[in-house]
Amino acid sequence: MATWMFYILGAITVVATLLAITQRNPVHAVIYLVNSFFALALLFFLLGAPLVAAWEVIIYAGAIMVLFLFIIMMLEIAPGVEADRYGPNWLQWLPILLLAAALGICTLLLTGLDPVGSNGVPHWYASPRDFGYALFKEYALAIEVVSFQLLFAAVGAFYVGRPERKSKSPAGGDR
Amino acid sequence: MIVPLEHVLILSTILFLLGLVCVLVRRNLIMILIGIEIMLNAVGLLLVGASAFWQQIDGQVMVIFLMAMTSAEVSISLAMVVYLNRRKGTVDVRAFDEMRG
């Protein structure tokens with residue numbers, strides 16, 4: 001069953017990504033992309049990476065896509081022609097609803113899967129304990145480098161996004 | 001391994017090409033960044049697939065570093081989008097095809 005689910009989830013991922021890159025409205029693209037990332041997280045779970053699947057949902061769908069939404073809302077990009085009517089446009093909602101429904105059904109089916117495969121052969125997967133050992137023993141230096149990289153990124157983003165300096169501001173007055 | 005590695009490779013390649021098309025074709029800065037996200041996710045899928053194929057955990061560790069790199073890249077580039085939008089009042093990349101000075 002896991003094999004079939006791989007292909008179904010792969011199809012959901014490709015269709016959601018294809019719909020995402022063809023949207024005119026960036027918000028719709030982000031919504032489709034979140035759907036695609038959820039399907040991708042289930043794919044990671046099927047391929048024996050439960051921790052990476054959790055981080056895919058938390059970091060990509062939870063943090064990065066919400067950051068995209070914040071920026072889109074902040075910029076007030078002119079939207080396309082919106083119909084002046086009440087209630088949601090159901091035809092527009094249909095693809096994402098279908099994709100989300102397929103994803104929900106796959107998730108429900110996936111809860112019936114256990115790490116031990118149906119034919120009795122143990123299915124390899126990386127437990128969080130193994131993952132933590134590998135991460136903090138063999139890649140300890142890389143962890144330090146990545147933490148520096150995130151610090152530099154935060155400082156750089158703060159510098160680029162700083163408010164406009166007034167012409168004659170006092171030396172200590174920059175916020 | 002539930003599927004052959006070739007199928008993971010094919011799926012990852014399709015996703016990468018979709019992201020590449022999005023980067024090359026779209027002219028909205030936000031959509032270009034979304035295309036980069038798609039490409040990075042395709043690479044992540046490839047790393048996890050390789051990790052499952054050889055039953056080594058290193059591929060998944062690489063995905064974590066990939067996610068950290070993506071977070072840094074997105075924070076910097078979205079700050080830059082805000083800055084460029086403040087300068088020119090648009091997010092169309094055609095407005096930024098000239099250097100100053």
# chains A, B, ... in the order shown; residues from 1 in each chain; ligands from 1
$ residues_around --residues "range 27-36 of chain B" --least-positions-apart "3" --cutoff "9 Å" --atoms "only C-alpha atoms" --output "MDAnalysis selection string"
(chainID A and resid 20:21 26 29:30 33 68 71:72) or (chainID B and resid 16 18:24 39:41 74 77:78 81 91:94)
$ write_last_selection --atoms "C-alpha atoms" --output "tab-separated table (two decimals), in the first residue's frame"
chain	number	residue	atom	x	y	z
A	20	ALA	CA	1.05	27.10	-7.76
A	21	ILE	CA	3.41	28.34	-10.43
A	26	PRO	CA	0.66	35.23	-5.11
A	29	ALA	CA	0.23	30.34	-5.18
A	30	VAL	CA	1.28	30.19	-1.54
A	33	LEU	CA	2.43	25.48	-2.31
A	68	PHE	CA	5.67	34.88	2.41
A	71	ILE	CA	5.30	40.01	3.04
A	72	ILE	CA	2.59	39.77	0.38
B	16	PHE	CA	12.96	20.83	-9.89
B	18	LEU	CA	8.72	23.16	-12.36
B	19	GLY	CA	10.61	25.40	-9.95
B	20	LEU	CA	13.12	26.32	-12.65
B	21	VAL	CA	10.33	27.21	-15.09
B	22	CYS	CA	8.73	29.35	-12.38
B	23	VAL	CA	12.01	31.21	-11.81
B	24	LEU	CA	12.65	31.74	-15.50
B	39	MET	CA	13.66	23.72	-6.38
B	40	LEU	CA	15.13	23.44	-2.88
B	41	ASN	CA	12.30	21.11	-1.88
B	74	VAL	CA	14.21	33.51	2.50
B	77	SER	CA	15.57	37.85	0.10
B	78	LEU	CA	12.18	38.86	1.50
B	81	VAL	CA	11.94	42.46	-1.71
B	91	VAL	CA	7.86	43.93	-7.43
B	92	ASP	CA	8.23	43.49	-11.18
B	93	VAL	CA	11.74	42.33	-11.94
B	94	ARG	CA	11.83	44.39	-15.13
$ residues_around --residues "range 34-39 of chain A" --least-positions-apart "6" --cutoff "7 Å" --atoms "only C-alpha atoms" --output "ChimeraX atom specification"
/A:9,12-13,16-17,57,61,100,103
$ write_last_selection --atoms "C-alpha atoms" --output "PDB file, in the first residue's frame"
ATOM      1  CA  LEU A   9       1.258  11.663  -3.145  1.00  0.00           C
ATOM      2  CA  ILE A  12      -0.654  15.479  -5.635  1.00  0.00           C
ATOM      3  CA  THR A  13       2.689  17.222  -5.184  1.00  0.00           C
ATOM      4  CA  ALA A  16      -0.266  21.347  -6.587  1.00  0.00           C
ATOM      5  CA  THR A  17       3.122  22.717  -7.667  1.00  0.00           C
ATOM      6  CA  VAL A  57       5.524  20.958   8.000  1.00  0.00           C
ATOM      7  CA  ALA A  61       4.674  25.201   5.572  1.00  0.00           C
ATOM      8  CA  ALA A 100      -6.691  18.994   0.321  1.00  0.00           C
ATOM      9  CA  LEU A 103      -4.247  14.757   1.072  1.00  0.00           C
TER      10      LEU A 103
END
$ interface_residues --of "chain A" --to "chain B" --cutoff "7 Å" --atoms "only C-alpha atoms" --output "PyMOL selection string"
chain A and resi 2-3+10+14+18+21+26+44+47-48+52+64+124+126+131+135+146+150+153+156-157+160-161
$ select_by_dssp --residues "chain A" --states "helix (DSSP H, G or I)" --output "ChimeraX atom specification"
/A:2-21,26-46,50-75,90-110,128-138,140-160,171-173
$ atom_distance --atom1 "CA of Val27 in chain A" --atom2 "CA of Leu69 in chain A"
6.7 Å
$ closest_residue --among "A:Tyr32, A:Phe45, A:Phe70, A:Tyr7" --to "Leu110 in chain A" --atoms "only C-alpha atoms"
A:Phe45
$ closest_residue --among "A:Leu51, A:Phe152, A:Leu42, A:Gln23" --to "Leu108 in chain A" --atoms "only C-alpha atoms"
A:Leu42
